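File shown: query-v3.cif (mmCIF, C-alpha atoms and all ligand atoms).
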```
data_final
#
loop_
_atom_site.label_atom_id
_atom_site.label_comp_id
_atom_site.auth_asym_id
_atom_site.auth_seq_id
_atom_site.Cartn_x
_atom_site.Cartn_y
_atom_site.Cartn_z
CA MET V 648 13.51 -16.96 16.39
CA LEU V 649 14.91 -15.03 19.33
CA GLY V 650 13.76 -11.44 19.82
CA LEU V 651 15.05 -8.60 21.99
CA ASP V 652 12.68 -9.60 24.82
CA ASP V 653 14.24 -13.08 24.98
CA VAL V 654 17.77 -11.95 25.88
CA ASP V 655 19.38 -10.56 29.01
CA LEU V 656 20.94 -7.34 27.72
CA ASP V 657 23.11 -7.07 30.83
CA ALA V 658 25.06 -10.11 29.62
CA TYR V 659 26.58 -8.19 26.68
CA ASP V 660 29.49 -5.75 26.30
CA PHE V 661 28.30 -4.25 23.03
CA LEU V 662 25.32 -4.06 20.71
CA ASP V 663 25.71 -4.17 16.93
CA LEU V 664 22.83 -2.37 15.20
CA GLY V 665 21.79 -3.69 11.79
CA ALA V 666 23.91 -6.77 12.33
CA GLY V 667 22.64 -8.72 9.32
CA THR V 668 23.99 -12.24 9.43
CA GLY V 669 26.44 -11.39 12.21
CA GLY V 670 29.71 -10.64 10.41
CA SER V 671 29.97 -7.21 12.02
CA VAL V 672 29.49 -8.67 15.52
CA GLU V 673 32.52 -10.85 14.90
CA LEU V 674 34.47 -7.92 13.41
CA CYS V 675 33.83 -5.69 16.44
CA THR V 676 34.76 -8.43 18.87
CA ARG V 677 38.09 -8.65 17.01
CA LEU V 678 38.56 -4.86 17.02
CA PHE V 679 37.38 -3.90 20.51
CA GLY V 680 36.75 -7.13 22.39
CA GLY V 681 33.77 -8.13 24.47
CA ARG V 682 30.65 -10.17 23.90
CA GLY V 683 28.31 -8.66 21.31
CA LEU V 684 24.64 -8.94 20.57
CA GLY V 685 23.51 -8.12 17.03
CA ILE V 686 20.06 -6.65 16.38
CA ASP V 687 18.39 -6.65 12.97
CA ASN V 688 14.84 -6.24 11.73
CA ALA V 689 15.07 -8.67 8.79
CA PRO V 690 13.82 -12.12 9.86
CA LYS V 691 15.66 -13.89 7.01
CA LYS V 692 19.01 -12.41 8.07
CA VAL V 693 18.43 -13.15 11.74
CA ARG V 694 17.56 -16.77 10.90
CA ALA V 695 20.73 -17.09 8.76
CA ALA V 696 22.78 -15.56 11.60
CA HIS V 697 21.26 -18.00 14.06
CA ASP V 698 21.99 -20.94 11.74
CA ALA V 699 25.61 -19.77 11.53
CA GLY V 700 25.85 -19.64 15.33
CA ALA V 701 25.96 -15.83 15.56
CA ASP V 702 24.34 -13.94 18.45
CA VAL V 703 21.80 -11.86 16.50
CA VAL V 704 18.18 -11.21 17.49
CA LEU V 705 15.18 -9.75 15.74
CA GLY V 706 14.16 -6.42 17.19
CA ASP V 707 13.10 -2.83 16.97
CA ILE V 708 16.19 -0.85 17.98
CA THR V 709 14.13 2.23 18.82
CA ALA V 710 12.38 0.19 21.55
CA LEU V 711 15.61 -0.39 23.52
CA PRO V 712 15.50 0.97 27.06
CA ARG V 713 17.29 4.37 27.14
CA ARG V 714 19.75 3.58 29.91
CA PRO V 715 23.44 2.57 29.98
CA LEU V 716 23.54 -1.07 28.93
CA VAL V 717 26.82 -1.76 27.17
CA ARG V 718 30.36 -0.44 26.78
CA TYR V 719 29.92 0.43 23.11
CA VAL V 720 27.51 0.28 20.17
CA SER V 721 28.57 -0.51 16.62
CA MET V 722 26.83 0.34 13.34
CA CYS V 723 28.54 -1.15 10.31
CA ASP V 724 27.11 -0.35 6.88
CA PHE V 725 23.80 0.29 8.60
CA LEU V 726 22.83 3.99 8.71
CA GLU V 727 22.65 4.41 4.91
CA HIS V 728 19.89 1.75 4.86
CA LEU V 729 17.53 3.82 6.96
CA PRO V 730 14.72 5.54 5.04
CA THR V 731 15.14 9.01 6.60
CA TYR V 732 17.78 11.17 8.27
CA ASP V 733 15.42 11.53 11.24
CA LEU V 734 15.50 7.77 11.79
CA ALA V 735 19.31 7.80 11.51
CA ARG V 736 19.40 10.53 14.18
CA GLU V 737 17.08 8.47 16.38
CA MET V 738 19.28 5.38 15.99
CA LEU V 739 22.32 7.44 17.02
CA SER V 740 20.38 8.82 19.95
CA VAL V 741 19.46 5.31 21.12
CA ALA V 742 23.07 4.21 20.62
CA ALA V 743 24.43 7.13 22.66
CA SER V 744 21.91 6.43 25.44
CA VAL V 745 22.84 2.78 25.86
CA ALA V 746 26.65 3.01 25.39
CA THR V 747 28.87 4.13 28.24
CA ASP V 748 32.12 4.57 26.26
CA PHE V 749 31.86 4.98 22.49
CA LEU V 750 30.05 4.37 19.21
CA TYR V 751 31.75 2.75 16.23
CA ILE V 752 30.44 3.52 12.73
CA ARG V 753 31.54 2.12 9.38
CA HIS V 754 29.93 4.03 6.57
CA PRO V 755 30.28 3.90 2.77
CA SER V 756 31.46 7.27 1.50
CA PHE V 757 29.02 9.62 -0.22
CA GLU V 758 31.42 12.55 0.15
CA ASP V 759 32.44 12.69 -3.51
CA GLU V 760 29.11 12.17 -5.27
CA ALA V 761 29.00 15.67 -6.76
CA TYR V 762 32.68 15.58 -7.81
CA LEU V 763 32.20 12.25 -9.57
CA ARG V 764 28.86 13.22 -11.13
CA ALA V 765 30.55 16.21 -12.78
CA LEU V 766 32.98 13.72 -14.37
CA GLY V 767 30.16 11.41 -15.56
CA LEU V 768 30.97 8.83 -12.86
CA LYS V 769 29.65 7.32 -9.62
CA GLN V 770 30.76 4.86 -6.95
CA TYR V 771 28.48 1.85 -7.31
CA TRP V 772 26.97 1.99 -3.79
CA GLN V 773 25.86 5.59 -4.41
CA ASP V 774 23.12 4.24 -6.69
CA TRP V 775 21.64 1.41 -4.66
CA THR V 776 17.90 1.46 -3.95
CA GLY V 777 18.77 -0.06 -0.57
CA HIS V 778 20.78 3.08 0.33
CA PRO V 779 18.14 5.81 0.65
CA SER V 780 20.15 7.95 3.12
CA HIS V 781 23.35 9.36 1.66
CA LEU V 782 24.62 10.67 4.97
CA LEU V 783 27.74 12.79 4.76
CA LEU V 784 30.40 13.06 7.41
CA SER V 785 29.05 16.55 8.18
CA ASP V 786 25.58 15.03 8.82
CA LEU V 787 27.04 12.37 11.09
CA THR V 788 29.19 14.77 13.09
CA GLU V 789 26.25 17.13 13.60
CA MET V 790 23.94 14.31 14.71
CA LEU V 791 26.58 12.80 16.97
CA SER V 792 27.18 16.12 18.63
CA GLU V 793 23.42 16.51 19.18
CA VAL V 794 23.20 13.11 20.90
CA GLY V 795 26.20 13.72 23.17
CA ALA V 796 29.06 12.04 21.32
CA SER V 797 31.15 14.92 20.02
CA ARG V 798 34.74 13.67 20.51
CA LEU V 799 35.54 11.95 17.23
CA GLN V 800 38.25 9.84 15.65
CA ILE V 801 37.70 9.72 11.90
CA GLU V 802 39.41 7.63 9.25
CA TYR V 803 38.88 7.90 5.52
CA VAL V 804 39.74 4.48 4.11
CA LYS V 805 40.56 2.88 0.78
CA PRO V 806 41.46 5.89 -1.38
CA VAL V 807 40.89 5.63 -5.12
CA TRP V 808 42.90 7.91 -7.43
CA HIS V 809 41.71 6.92 -10.91
CA SER V 810 38.37 6.12 -12.52
CA SER V 811 39.76 2.81 -13.81
CA ASP V 812 39.13 1.44 -10.30
CA ALA V 813 36.46 -1.28 -10.26
CA THR V 814 34.32 0.65 -7.73
CA ILE V 815 33.80 3.48 -10.25
CA LEU V 816 30.97 3.16 -12.78
CA PRO V 817 29.76 5.41 -15.57
CA LEU V 818 26.99 7.69 -14.29
CA ASP V 819 24.41 6.17 -16.64
CA ALA V 820 25.02 2.57 -15.50
CA PRO V 821 21.83 1.05 -14.03
CA PRO V 822 21.23 1.18 -10.25
CA ASP V 823 21.98 -1.67 -7.83
CA GLN V 824 25.26 -2.73 -9.46
CA SER V 825 28.55 -3.80 -7.92
CA GLY V 826 32.04 -3.70 -9.49
CA TYR V 827 32.61 -2.31 -12.99
CA ASP V 828 31.80 -4.65 -15.85
CA PRO V 829 32.38 -3.04 -19.28
CA GLU V 830 29.87 -5.43 -20.91
CA ALA V 831 27.07 -4.48 -18.51
CA HIS V 832 27.99 -0.85 -17.84
CA GLY V 833 29.49 0.40 -21.11
CA ALA V 834 32.52 2.63 -21.48
CA LYS V 835 33.42 5.09 -18.71
CA PRO V 836 35.51 8.26 -18.79
CA LEU V 837 39.09 7.46 -17.78
CA VAL V 838 40.20 10.22 -15.44
CA ALA V 839 42.98 10.73 -12.89
CA PHE V 840 41.31 12.28 -9.84
CA THR V 841 42.67 15.55 -8.50
CA LYS V 842 41.92 14.35 -4.94
CA PRO V 843 41.43 10.90 -3.43
CA VAL V 844 37.94 9.49 -3.64
CA HIS V 845 37.53 7.28 -0.60
CA ARG V 846 35.44 4.15 -0.36
CA ALA V 847 34.46 4.40 3.28
CA ILE V 848 34.67 6.33 6.51
CA TYR V 849 35.31 4.69 9.89
CA LEU V 850 34.37 6.71 12.92
CA ILE V 851 34.73 6.32 16.67
CA ALA V 852 32.54 8.75 18.63
CA HIS V 853 33.32 8.92 22.33
CA ILE V 854 30.37 9.48 24.61
CA ASP V 855 30.77 12.93 26.16
CA GLY V 856 31.77 12.55 29.77
CA ALA V 857 33.28 9.09 29.26
CA SER V 858 36.93 8.81 30.18
CA ALA V 859 39.57 8.90 27.42
CA PRO V 860 39.84 5.64 25.48
CA ALA V 861 42.32 3.03 26.60
CA PRO V 862 44.79 2.15 23.84
CA SER V 863 43.26 -1.30 23.59
CA THR V 864 39.98 0.19 22.34
CA THR V 865 41.67 1.55 19.22
CA PRO V 866 41.25 -0.80 16.24
CA ARG V 867 44.44 -2.40 15.02
CA PRO V 868 45.33 -1.00 11.56
CA ARG V 869 44.71 -3.49 8.77
CA PRO V 870 47.69 -3.94 6.46
CA GLY V 871 47.25 -2.17 3.13
CA ALA V 872 44.36 0.07 4.16
CA GLY V 873 45.25 3.61 3.10
CA ARG V 874 43.95 5.70 5.92
CA LEU V 875 44.28 8.93 7.78
CA ARG V 876 44.12 8.76 11.52
CA HIS V 877 42.75 11.83 13.21
CA GLY V 878 43.25 12.74 16.80
CA LEU V 879 40.43 13.10 19.28
CA GLY V 880 38.16 15.98 18.41
CA GLN V 881 39.96 16.72 15.15
CA VAL V 882 38.52 16.55 11.68
CA LEU V 883 41.43 17.07 9.31
CA PRO V 884 41.13 17.82 5.59
CA ARG V 885 41.76 14.99 3.21
CA PRO V 886 44.91 15.15 1.09
CA ARG V 887 44.42 17.06 -2.15
CA ARG V 888 47.31 15.63 -4.18
CA HIS V 889 48.78 12.24 -4.88
CA PRO V 890 50.89 11.01 -1.99
C1 LIG W 1 24.44 -3.98 4.63
S1 LIG W 1 23.69 -4.79 5.97
C2 LIG W 1 25.00 -4.71 7.15
C3 LIG W 1 25.12 -5.98 7.95
C4 LIG W 1 26.26 -6.02 8.94
N1 LIG W 1 26.28 -4.89 9.84
C5 LIG W 1 27.59 -6.15 8.25
O1 LIG W 1 28.37 -5.18 8.27
O2 LIG W 1 27.88 -7.24 7.72
C6 LIG W 1 22.50 -3.64 6.66
C7 LIG W 1 21.58 -4.28 7.65
O3 LIG W 1 20.77 -3.30 8.30
C8 LIG W 1 19.52 -3.90 8.59
N2 LIG W 1 18.52 -2.87 8.88
C9 LIG W 1 18.03 -1.93 8.05
N3 LIG W 1 17.12 -1.16 8.69
C10 LIG W 1 17.05 -1.63 9.97
C11 LIG W 1 16.29 -1.27 11.14
N4 LIG W 1 15.43 -0.25 11.12
N5 LIG W 1 16.47 -1.98 12.27
C12 LIG W 1 17.36 -2.99 12.29
N6 LIG W 1 18.09 -3.39 11.24
C13 LIG W 1 17.93 -2.73 10.08
C14 LIG W 1 19.23 -4.73 7.34
O4 LIG W 1 18.27 -5.73 7.57
C15 LIG W 1 20.60 -5.28 7.02
O5 LIG W 1 20.81 -6.55 7.59
#
```
Will you turn the file into structure tokens for me?
Ligand SMILES: C[S@@+](CC[C@H](N)C(=O)[O-])C[C@H]1O[C@@H](n2cnc3c(N)ncnc32)[C@H](O)[C@@H]1O
Amino acid sequence: MLGLDDVDLDAYDFLDLGAGTGGSVELCTRLFGGRGLGIDNAPKKVRAAHDAGADVVLGDITALPRRPLVRYVSMCDFLEHLPTYDLAREMLSVAASVATDFLYIRHPSFEDEAYLRALGLKQYWQDWTGHPSHLLLSDLTEMLSEVGASRLQIEYVKPVWHSSDATILPLDAPPDQSGYDPEAHGAKPLVAFTKPVHRAIYLIAHIDGASAPAPSTTPRPRPGAGRLRHGLGQVLPRPRRHP
């Protein structure tokens, strides 16, 4: 199995941290272009990626040389898997050291945990043993600013307005579940939310000092994705009422 030491990092345009079986490498190539190298620390996933023809290697991300290596670094559904906030900060620090232009983060939302808990509800990924770090947008923005990536474009995606949505489970459902199944999870309170409860946050953090992004680096909107697009450096409040 290929490791970080076996590849020429200069041959790549971006690194995808926590690449798993390589789907996010492909996604980022579609969104931002370039040749990507995925890095993951799970041998099984790296082997599966290799078998599927994806460019993913086994490696310790914290051992990457801290010098500009690639145009951008992506982290898709990755940071919440790290055991501590300190490790998440270190990953962002590595990412900001090796990227010349920007970081791209896709993160499941933990913003509404308290709101949902008060209603006897949870989003299923908020109770996964594999998600020890429930990083909030405020944590991410603070860490990104510390590592020198303070100009942000933030999108809240996939708003949910009612607890009947399949992503919403009763609070007492067991951990490590996916979509709502009344047989397995029991009844849940049926509630219209007074604000949208989003499924995920997508974030582009421009490396301080890098030139403004060319339009081609902005991801093309996907049809049907309810989203708010924020300008550079702006973090706007989410809507409070039904659109
Ligand atoms: C939910 S998967 C995301 C996979 C991929 N990015 C995607 O979006 O399809 C999270 C991945 O992070 C990896 N991971 C967790 N901790 C890691 C670490 N310290 N170094 C590298 N990879 C790690 C896991 O092995 C897993 O493949």
Min atom-atom distance to ligand LIG 1 (chain W) from the set V:Asp660, V:Asp812, V:Asp707, V:Glu802, counting all atoms listed in the file, belongs to V:Asp707
For the atom pair CA of Lys691 in chain V and CA of Leu711 in chain V, what is the interatomic distance in Å to one decimal place?
21.3 Å
Separation of CA of Leu816 in chain V and CA of Leu768 in chain V, in Å?
5.7 Å
Residues within 6 Å of ligand LIG 1 (chain W) (only C-alpha atoms and all ligand atoms), as a PDB file with C-alpha atoms, in the frame of the given file?
```
ATOM      1  CA  GLY V 665      21.790  -3.690  11.790  1.00  0.00           C
ATOM      2  CA  ALA V 666      23.910  -6.770  12.330  1.00  0.00           C
ATOM      3  CA  GLY V 667      22.640  -8.720   9.320  1.00  0.00           C
ATOM      4  CA  GLY V 670      29.710 -10.640  10.410  1.00  0.00           C
ATOM      5  CA  SER V 671      29.970  -7.210  12.020  1.00  0.00           C
ATOM      6  CA  ASP V 687      18.390  -6.650  12.970  1.00  0.00           C
ATOM      7  CA  ASN V 688      14.840  -6.240  11.730  1.00  0.00           C
ATOM      8  CA  ALA V 689      15.070  -8.670   8.790  1.00  0.00           C
ATOM      9  CA  ASP V 707      13.100  -2.830  16.970  1.00  0.00           C
ATOM     10  CA  ILE V 708      16.190  -0.850  17.980  1.00  0.00           C
ATOM     11  CA  CYS V 723      28.540  -1.150  10.310  1.00  0.00           C
ATOM     12  CA  ASP V 724      27.110  -0.350   6.880  1.00  0.00           C
ATOM     13  CA  PHE V 725      23.800   0.290   8.600  1.00  0.00           C
ATOM     14  CA  HIS V 728      19.890   1.750   4.860  1.00  0.00           C
ATOM     15  CA  LEU V 729      17.530   3.820   6.960  1.00  0.00           C
TER      16      LEU V 729
END
```
Find the spatial neighbours of Ala695 in chain V, counting all atoms listed in the file, within a cut-off of 6 Å - ignore same-chain residues fewer than 3 positions away - and output them as JSON, numbers by chain.
{"V": [668, 692, 698]}
Please provide the set of residues having any atom within 8 Å of Leu739 in chain V, restricted to all atoms listed in the file, with same-chain residues fewer than 2 positions apart removed, written as an NGL selection string.
:V and (735-737 or 741-743 or 790-791 or 794)
Distance in Å - CA of Trp772 in chain V versus CA of Leu726 in chain V
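Result for CA of Trp772 in chain V versus CA of Leu726 in chain V: 13.3 Å, one decimal.
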Range 813-815 of chain V surroundings by all atoms listed in the file, 6 Å radius, close-in-sequence under 5 positions cut, as a ChimeraX atom specification:
/V:769-771,826-827
Which of V:Leu674, V:Ala765, V:Met648, V:Leu656 sits closest to Pro690 in chain V [using all atoms listed in the file]
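Between V:Leu674, V:Ala765, V:Met648, V:Leu656, the residue approaching Pro690 in chain V most closely is V:Met648.
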Taking only C-alpha atoms into account, which of V:Arg677, V:Pro712, V:Ala696, V:Lys835 comes nearest Gly767 in chain V?
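Once distances to Gly767 in chain V are computed over only C-alpha atoms, the minimum belongs to V:Lys835.
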Give me the residues within 12 Å of Gly683 in chain V as an MDAnalysis selection string, counting all atoms listed in the file and dropping any in the same chain fewer than 2 places off.
chainID V and resid 654:664 666 669:681 685:686 701:704 716:721
Skipping near chain neighbours, those fewer than 3 positions away, what residues fall within 10 Å of Pro821 in chain V using only C-alpha atoms, listed as a list in words?
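Once the adjacent positions are removed, what remains is Tyr771, Asp774, Trp775, Leu816, Pro817, Leu818, Gln824, Ala831 and His832 of chain V.
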